[in-house]
Each structure stands twice: as structure tokens, then as C-alpha cells.
$ cat work-v9.cif   # mmCIF, C-alpha atoms
data_structure
loop_
_atom_site.group_PDB
_atom_site.id
_atom_site.type_symbol
_atom_site.label_atom_id
_atom_site.label_comp_id
_atom_site.auth_asym_id
_atom_site.auth_seq_id
_atom_site.Cartn_x
_atom_site.Cartn_y
_atom_site.Cartn_z
ATOM 1 C CA MET A 22 34.859 7.989 -74.989
ATOM 2 C CA ASN A 23 33.722 11.248 -76.562
ATOM 3 C CA VAL A 24 30.514 10.921 -78.590
ATOM 4 C CA LYS A 25 28.866 13.014 -81.300
ATOM 5 C CA ILE A 26 25.233 12.271 -82.074
ATOM 6 C CA CYS A 27 24.635 13.498 -85.613
ATOM 7 C CA GLY A 28 21.468 14.220 -87.555
ATOM 8 C CA ILE A 29 19.587 15.764 -84.630
ATOM 9 C CA THR A 30 16.162 17.031 -85.721
ATOM 10 C CA THR A 31 14.171 17.337 -82.481
ATOM 11 C CA ILE A 32 14.531 18.869 -79.023
ATOM 12 C CA ASP A 33 13.643 15.470 -77.497
ATOM 13 C CA ALA A 34 16.558 13.740 -79.224
ATOM 14 C CA ALA A 35 18.942 16.571 -78.340
ATOM 15 C CA THR A 36 17.828 16.527 -74.697
ATOM 16 C CA ALA A 37 18.245 12.758 -74.432
ATOM 17 C CA ALA A 38 21.705 12.921 -75.997
ATOM 18 C CA ILE A 39 22.830 15.576 -73.506
ATOM 19 C CA GLN A 40 21.231 13.797 -70.574
ATOM 20 C CA TYR A 41 23.190 10.611 -71.293
ATOM 21 C CA GLY A 42 26.521 12.291 -71.901
ATOM 22 C CA ALA A 43 26.943 13.314 -75.561
ATOM 23 C CA ASN A 44 29.871 15.684 -76.100
ATOM 24 C CA ALA A 45 28.711 17.029 -79.461
ATOM 25 C CA LEU A 46 25.535 17.202 -81.541
ATOM 26 C CA GLY A 47 25.402 17.418 -85.330
ATOM 27 C CA PHE A 48 22.855 19.377 -87.376
ATOM 28 C CA VAL A 49 22.643 18.606 -91.091
ATOM 29 C CA PHE A 50 22.259 21.478 -93.558
ATOM 30 C CA ALA A 51 22.940 19.371 -96.653
ATOM 31 C CA LYS A 52 20.699 17.137 -98.772
ATOM 32 C CA SER A 53 19.545 14.437 -96.373
ATOM 33 C CA LYS A 54 16.447 13.019 -94.750
ATOM 34 C CA ARG A 55 17.780 14.752 -91.615
ATOM 35 C CA LYS A 56 18.178 18.208 -93.191
ATOM 36 C CA LEU A 57 17.149 21.231 -91.112
ATOM 37 C CA SER A 58 16.778 24.923 -91.845
ATOM 38 C CA ALA A 59 18.948 27.362 -89.892
ATOM 39 C CA GLN A 60 15.869 28.471 -87.944
ATOM 40 C CA GLN A 61 14.860 24.906 -87.057
ATOM 41 C CA ALA A 62 18.383 24.236 -85.786
ATOM 42 C CA LYS A 63 18.333 27.477 -83.779
ATOM 43 C CA GLU A 64 15.171 26.412 -81.959
ATOM 44 C CA ILE A 65 16.939 23.249 -80.794
ATOM 45 C CA ILE A 66 20.325 24.869 -80.124
ATOM 46 C CA ASP A 67 18.741 27.591 -77.978
ATOM 47 C CA THR A 68 17.798 24.845 -75.477
ATOM 48 C CA LEU A 69 21.324 23.386 -75.242
ATOM 49 C CA PRO A 70 24.158 24.018 -72.757
ATOM 50 C CA GLU A 71 26.535 26.835 -73.679
ATOM 51 C CA GLY A 72 29.761 24.815 -73.774
ATOM 52 C CA LEU A 73 28.445 21.937 -75.889
ATOM 53 C CA MET A 74 29.922 21.357 -79.347
ATOM 54 C CA LYS A 75 27.150 22.108 -81.868
ATOM 55 C CA VAL A 76 28.262 21.044 -85.320
ATOM 56 C CA GLY A 77 26.778 22.181 -88.619
ATOM 57 C CA VAL A 78 27.209 19.609 -91.403
ATOM 58 C CA PHE A 79 27.668 21.009 -94.924
ATOM 59 C CA VAL A 80 28.351 19.457 -98.337
ATOM 60 C CA ASN A 81 29.974 21.664 -101.011
ATOM 61 C CA GLU A 82 28.168 24.741 -99.681
ATOM 62 C CA SER A 83 29.289 28.330 -100.360
ATOM 63 C CA LYS A 84 31.215 30.218 -97.689
ATOM 64 C CA GLU A 85 28.521 32.903 -97.637
ATOM 65 C CA GLU A 86 25.729 30.410 -96.992
ATOM 66 C CA ILE A 87 27.703 28.614 -94.276
ATOM 67 C CA GLU A 88 28.424 31.892 -92.482
ATOM 68 C CA LYS A 89 24.772 32.892 -92.744
ATOM 69 C CA ILE A 90 23.623 29.579 -91.230
ATOM 70 C CA VAL A 91 26.252 29.852 -88.474
ATOM 71 C CA LYS A 92 24.958 33.289 -87.546
ATOM 72 C CA VAL A 93 21.277 32.293 -87.488
ATOM 73 C CA SER A 94 21.542 28.815 -85.929
ATOM 74 C CA GLY A 95 24.198 29.271 -83.265
ATOM 75 C CA ILE A 96 26.372 26.329 -84.290
ATOM 76 C CA ASN A 97 29.962 26.623 -83.040
ATOM 77 C CA ALA A 98 31.792 24.120 -85.270
ATOM 78 C CA ILE A 99 31.684 23.392 -89.007
ATOM 79 C CA GLN A 100 31.793 19.926 -90.578
ATOM 80 C CA LEU A 101 32.726 19.871 -94.260
ATOM 81 C CA HIS A 102 31.485 16.616 -95.752
ATOM 82 C CA GLY A 103 32.001 17.213 -99.463
ATOM 83 C CA ASP A 104 34.889 18.033 -101.791
ATOM 84 C CA GLU A 105 35.979 21.207 -100.013
ATOM 85 C CA THR A 106 39.579 22.343 -100.485
ATOM 86 C CA ALA A 107 42.171 23.023 -97.817
ATOM 87 C CA ASP A 108 42.051 26.752 -98.626
ATOM 88 C CA PHE A 109 38.276 26.761 -98.181
ATOM 89 C CA ALA A 110 38.531 24.992 -94.814
ATOM 90 C CA SER A 111 41.184 27.442 -93.635
ATOM 91 C CA SER A 112 38.975 30.446 -94.377
ATOM 92 C CA PHE A 113 36.706 29.949 -91.337
ATOM 93 C CA SER A 114 37.322 31.067 -87.768
ATOM 94 C CA LEU A 115 35.306 28.250 -86.165
ATOM 95 C CA PRO A 116 36.765 24.765 -85.510
ATOM 96 C CA ILE A 117 36.657 22.594 -88.638
ATOM 97 C CA ILE A 118 35.787 18.907 -88.901
ATOM 98 C CA LYS A 119 36.690 17.532 -92.338
ATOM 99 C CA ALA A 120 35.098 14.262 -93.406
ATOM 100 C CA PHE A 121 37.065 11.734 -95.442
ATOM 101 C CA SER A 122 35.707 8.617 -97.143
ATOM 102 C CA ILE A 123 38.022 5.720 -96.313
ATOM 103 C CA SER A 124 38.299 2.644 -98.496
ATOM 104 C CA SER A 125 42.069 1.974 -98.453
ATOM 105 C CA GLN A 126 45.170 3.031 -96.529
ATOM 106 C CA GLU A 127 46.101 5.353 -99.407
ATOM 107 C CA ASP A 128 43.095 7.483 -98.438
ATOM 108 C CA LEU A 129 44.783 8.282 -95.129
ATOM 109 C CA GLN A 130 47.522 10.424 -96.711
ATOM 110 C CA GLN A 131 45.039 13.200 -97.440
ATOM 111 C CA VAL A 132 43.940 13.238 -93.808
ATOM 112 C CA ILE A 133 47.376 14.199 -92.487
ATOM 113 C CA SER A 134 47.896 17.003 -94.978
ATOM 114 C CA PHE A 135 44.481 18.651 -94.592
ATOM 115 C CA PRO A 136 44.245 21.702 -92.276
ATOM 116 C CA CYS A 137 41.452 20.805 -89.866
ATOM 117 C CA ASP A 138 40.929 20.527 -86.131
ATOM 118 C CA TYR A 139 39.262 17.128 -86.448
ATOM 119 C CA ALA A 140 39.285 14.496 -89.214
ATOM 120 C CA LEU A 141 36.096 12.458 -89.463
ATOM 121 C CA LEU A 142 36.779 9.083 -91.045
ATOM 122 C CA ASP A 143 33.675 7.724 -92.732
ATOM 123 C CA SER A 144 32.624 4.936 -95.070
ATOM 124 C CA PRO A 145 32.712 5.391 -98.840
ATOM 125 C CA ARG A 146 29.819 7.544 -100.003
ATOM 126 C CA GLY A 147 26.385 6.084 -100.631
ATOM 127 C CA GLN A 148 23.239 7.952 -101.595
ATOM 128 C CA TYR A 149 24.238 10.755 -99.235
ATOM 129 C CA HIS A 150 27.627 12.075 -98.074
ATOM 130 C CA GLY A 151 27.406 10.208 -94.759
ATOM 131 C CA GLY A 152 24.701 8.794 -92.517
ATOM 132 C CA ASN A 153 24.446 5.657 -94.633
ATOM 133 C CA GLY A 154 24.833 3.185 -91.775
ATOM 134 C CA ILE A 155 27.730 1.257 -93.323
ATOM 135 C CA ALA A 156 31.045 0.608 -91.575
ATOM 136 C CA PHE A 157 34.398 0.587 -93.362
ATOM 137 C CA ASP A 158 37.320 -1.769 -92.662
ATOM 138 C CA TRP A 159 38.702 -0.387 -89.375
ATOM 139 C CA SER A 160 41.932 -2.358 -89.743
ATOM 140 C CA ILE A 161 42.936 0.225 -92.378
ATOM 141 C CA ILE A 162 43.495 2.811 -89.639
ATOM 142 C CA LYS A 163 44.638 0.556 -86.813
ATOM 143 C CA ASP A 164 47.934 1.868 -85.352
ATOM 144 C CA TYR A 165 48.138 4.580 -88.047
ATOM 145 C CA ASN A 166 49.936 7.740 -86.913
ATOM 146 C CA PHE A 167 47.733 10.760 -87.616
ATOM 147 C CA GLY A 168 50.085 13.145 -85.824
ATOM 148 C CA ASN A 169 48.216 15.875 -83.958
ATOM 149 C CA THR A 170 44.965 15.458 -85.893
ATOM 150 C CA LYS A 171 42.067 14.393 -83.672
ATOM 151 C CA ILE A 172 40.219 11.470 -85.248
ATOM 152 C CA ILE A 173 36.444 11.078 -85.193
ATOM 153 C CA LEU A 174 35.320 7.596 -86.219
ATOM 154 C CA ALA A 175 32.040 7.409 -88.142
ATOM 155 C CA GLY A 176 30.228 5.048 -90.462
ATOM 156 C CA GLY A 177 27.919 2.252 -89.383
ATOM 157 C CA LEU A 178 28.536 2.431 -85.649
ATOM 158 C CA ASN A 179 25.885 0.971 -83.337
ATOM 159 C CA GLU A 180 25.474 -0.666 -79.940
ATOM 160 C CA THR A 181 26.792 -4.029 -81.104
ATOM 161 C CA ASN A 182 30.031 -2.963 -82.821
ATOM 162 C CA LEU A 183 30.992 0.152 -80.832
ATOM 163 C CA ILE A 184 33.394 -1.491 -78.385
ATOM 164 C CA GLU A 185 35.242 -3.367 -81.141
ATOM 165 C CA ALA A 186 35.455 -0.176 -83.204
ATOM 166 C CA VAL A 187 36.922 1.854 -80.359
ATOM 167 C CA TYR A 188 39.489 -0.758 -79.340
ATOM 168 C CA THR A 189 40.548 -1.269 -82.960
ATOM 169 C CA THR A 190 40.922 2.395 -83.919
ATOM 170 C CA ASN A 191 41.411 4.347 -80.653
ATOM 171 C CA PRO A 192 39.674 7.504 -81.912
ATOM 172 C CA PHE A 193 39.305 10.840 -80.114
ATOM 173 C CA MET A 194 35.533 10.670 -80.673
ATOM 174 C CA VAL A 195 32.908 8.430 -82.240
ATOM 175 C CA ASP A 196 30.075 9.754 -84.414
ATOM 176 C CA VAL A 197 26.718 8.021 -84.785
ATOM 177 C CA SER A 198 23.556 8.851 -86.695
ATOM 178 C CA SER A 199 21.609 5.968 -88.248
ATOM 179 C CA GLY A 200 22.943 3.614 -85.545
ATOM 180 C CA VAL A 201 20.689 5.312 -82.984
ATOM 181 C CA GLU A 202 17.600 5.430 -85.186
ATOM 182 C CA THR A 203 14.523 3.276 -85.748
ATOM 183 C CA ASP A 204 12.669 3.692 -89.041
ATOM 184 C CA GLY A 205 14.765 6.744 -89.879
ATOM 185 C CA LYS A 206 14.004 8.615 -86.638
ATOM 186 C CA LYS A 207 16.196 9.087 -83.581
ATOM 187 C CA ASP A 208 15.355 6.405 -81.003
ATOM 188 C CA LEU A 209 15.811 7.739 -77.453
ATOM 189 C CA GLU A 210 16.440 4.262 -76.023
ATOM 190 C CA LYS A 211 19.137 3.570 -78.635
ATOM 191 C CA ILE A 212 20.748 6.950 -77.885
ATOM 192 C CA LYS A 213 20.782 6.046 -74.192
ATOM 193 C CA ASN A 214 22.270 2.588 -74.797
ATOM 194 C CA PHE A 215 24.907 3.804 -77.268
ATOM 195 C CA LEU A 216 26.094 6.510 -74.885
ATOM 196 C CA ARG A 217 26.084 4.128 -71.915
ATOM 197 C CA ILE A 218 28.361 1.740 -73.799
ATOM 198 C CA ALA A 219 30.598 4.539 -75.105
ATOM 199 C CA LYS A 220 31.058 6.031 -71.635
ATOM 200 C CA SER A 221 32.059 2.627 -70.235
ATOM 201 C CA VAL A 222 34.992 2.306 -72.651
ATOM 202 C CA HIS A 223 38.370 3.509 -71.380
ATOM 203 C CA ILE A 224 41.492 3.180 -73.499
#

$ encode --input "work-v9.cif" --output "C-alpha cells"
Amino acid sequence: MNVKICGITTIDAATAAIQYGANALGFVFAKSKRKLSAQQAKEIIDTLPEGLMKVGVFVNESKEEIEKIVKVSGINAIQLHGDETADFASSFSLPIIKAFSISSQEDLQQVISFPCDYALLDSPRGQYHGGNGIAFDWSIIKDYNFGNTKIILAGGLNETNLIEAVYTTNPFMVDVSSGVETDGKKDLEKIKNFLRIAKSVHI
């Protein structure tokens, strides 16, 4: 199973994630306890393998600011986690991950029609646009046909519910942030355990 570890703020956490098999790392540039500056992200990204997916997470940010952060930090994929339009998403040359808050099957219609390389299905919004540690009802998306859109499952994933989540939803990738943290900080042992479980799942 492909895994994205989101909300990376330290080289130690990034190194552990790579060591245990993460396919993508997420760097938050929106209001969050995990927010980084472009320069802080660059210092971590400069230590990472070339081919790794390095995702910048933005919420209702301007195109100019996103492009500036891309240039400084070295991220190679853009995650739009706010109310961005299809036209806005289509205006970038990098791969786009669009986040959708899922609370009913009606919410899935917007996923199919949105022009993005990956659709990240997350829980309804809490204090922040993601990273709230709450799972949504996975049965909503079970056996749903998303066409060619690659699905990233997010929202409240952790060591104890990961296998059930994957077998229920069959996503392209899973995304975890708070589920590999202790007291709001990335926990290297939890990162290791989450990735070990994820890599043992074959669908």
C-alpha cells in the first residue's frame, strides 16, 4: 500500500518515514500546528531522495504564493485543501491532489468531475482543513467507481484501523498525520509501525 506521511516538520521524521517505506511526504503551508515556511520545508526536502513525492498542502492560497513556495521549497506536487475551483487547480503544471470532505455519498459526485491527478477523501472539517484525527464512514465509498481518479484515503487513520480502512475502501494511497503523532509531534515508532502495517497489506 502506498503511504503519504503528512505534516512533516523535522528531518528526523522525514528520514524515518523514508527509511520505513513512505511513498510521499506532506508539508503544510496553511494555518496549522504543523505549518512550515518555504525555507524550513526546503531544509528538509534538500535531504530527501530525488524521486520522492513531496507534497505542499495549501488552503485557499493565491496562485502567486503557491508558485513562490514551490520554487523556494522544492515540493513537486500541490495539495489543495480548501475551496479551490476546478479552473484554479487546472492552472498549475505540477500534479494536483484535491482534498474533499466526505460526509455522504452525494459528496462523491464532485470528486469525479474535478480535474485532479489524485482525490484525497477526508473527514468533514474541524478546527483545521484536515489533520483532525477523525475518520469518516468508509462504507460511503466502498465499491464506488471513481473512474481514473486515484484515491487517497485520509482522516483518522492509525495503526489499529488501517487494515480495515484499506480493505473497505481499496485506495491508491493512504494519508496519515495525527495518527503517527504523540502529543502533537511525529512519533518515530508510530511512523515505523504504521508503515510496517501498510506495507504488509496487499489487495

$ closest_residue --input "work-v9.cif" --among "A:Ile155, A:Val80, A:Val132, A:Ile184" --to "Ile172 of chain A" --atoms "only C-alpha atoms"
A:Val132

$ residues_around --input "work-v9.cif" --residues "Lys213 of chain A" --least-positions-apart "5" --cutoff "9 Å" --atoms "all atoms listed in the file" --output "PDB file with C-alpha atoms, in the coordinates of the input"
ATOM      1  CA  ALA A  37      18.245  12.758 -74.432  1.00  0.00           C
ATOM      2  CA  ALA A  38      21.705  12.921 -75.997  1.00  0.00           C
ATOM      3  CA  GLN A  40      21.231  13.797 -70.574  1.00  0.00           C
ATOM      4  CA  TYR A  41      23.190  10.611 -71.293  1.00  0.00           C
ATOM      5  CA  GLY A  42      26.521  12.291 -71.901  1.00  0.00           C
ATOM      6  CA  VAL A 201      20.689   5.312 -82.984  1.00  0.00           C
ATOM      7  CA  ASP A 208      15.355   6.405 -81.003  1.00  0.00           C
ATOM      8  CA  ILE A 218      28.361   1.740 -73.799  1.00  0.00           C
TER       9      ILE A 218
END

$ closest_residue --input "work-v9.cif" --among "A:Asp158, A:Val93, A:Phe167, A:Phe113" --to "Leu129 of chain A" --atoms "all atoms listed in the file"
A:Phe167

$ atom_distance --input "work-v9.cif" --atom1 "atom CA of Leu73 of chain A" --atom2 "atom CA of Ala59 of chain A"
17.8 Å

$ residues_near_point --input "work-v9.cif" --point "(35.6, 4.8, -95.6)" --cutoff "7 Å" --atoms "all atoms listed in the file" --output "PyMOL selection string"
chain A and resi 122-124+142-145+157

$ write_last_selection --input "work-v9.cif" --atoms "C-alpha atoms" --output "PDB file, keeping the file's coordinate frame"
ATOM      1  CA  SER A 122      35.707   8.617 -97.143  1.00  0.00           C
ATOM      2  CA  ILE A 123      38.022   5.720 -96.313  1.00  0.00           C
ATOM      3  CA  SER A 124      38.299   2.644 -98.496  1.00  0.00           C
ATOM      4  CA  LEU A 142      36.779   9.083 -91.045  1.00  0.00           C
ATOM      5  CA  ASP A 143      33.675   7.724 -92.732  1.00  0.00           C
ATOM      6  CA  SER A 144      32.624   4.936 -95.070  1.00  0.00           C
ATOM      7  CA  PRO A 145      32.712   5.391 -98.840  1.00  0.00           C
ATOM      8  CA  PHE A 157      34.398   0.587 -93.362  1.00  0.00           C
TER       9      PHE A 157
END

$ residues_near_point --input "work-v9.cif" --point "(25.6, 10.4, -73.1)" --cutoff "12 Å" --atoms "all atoms listed in the file" --output "PyMOL selection string"
chain A and resi 22-26+34-46+195+197+209-221

$ resolve_selection --input "work-v9.cif" --expression "the PyMOL selection byres ((chain A and resi 133) around 10)" --output "ChimeraX atom specification"
/A:128-132,134-137,140,166-170
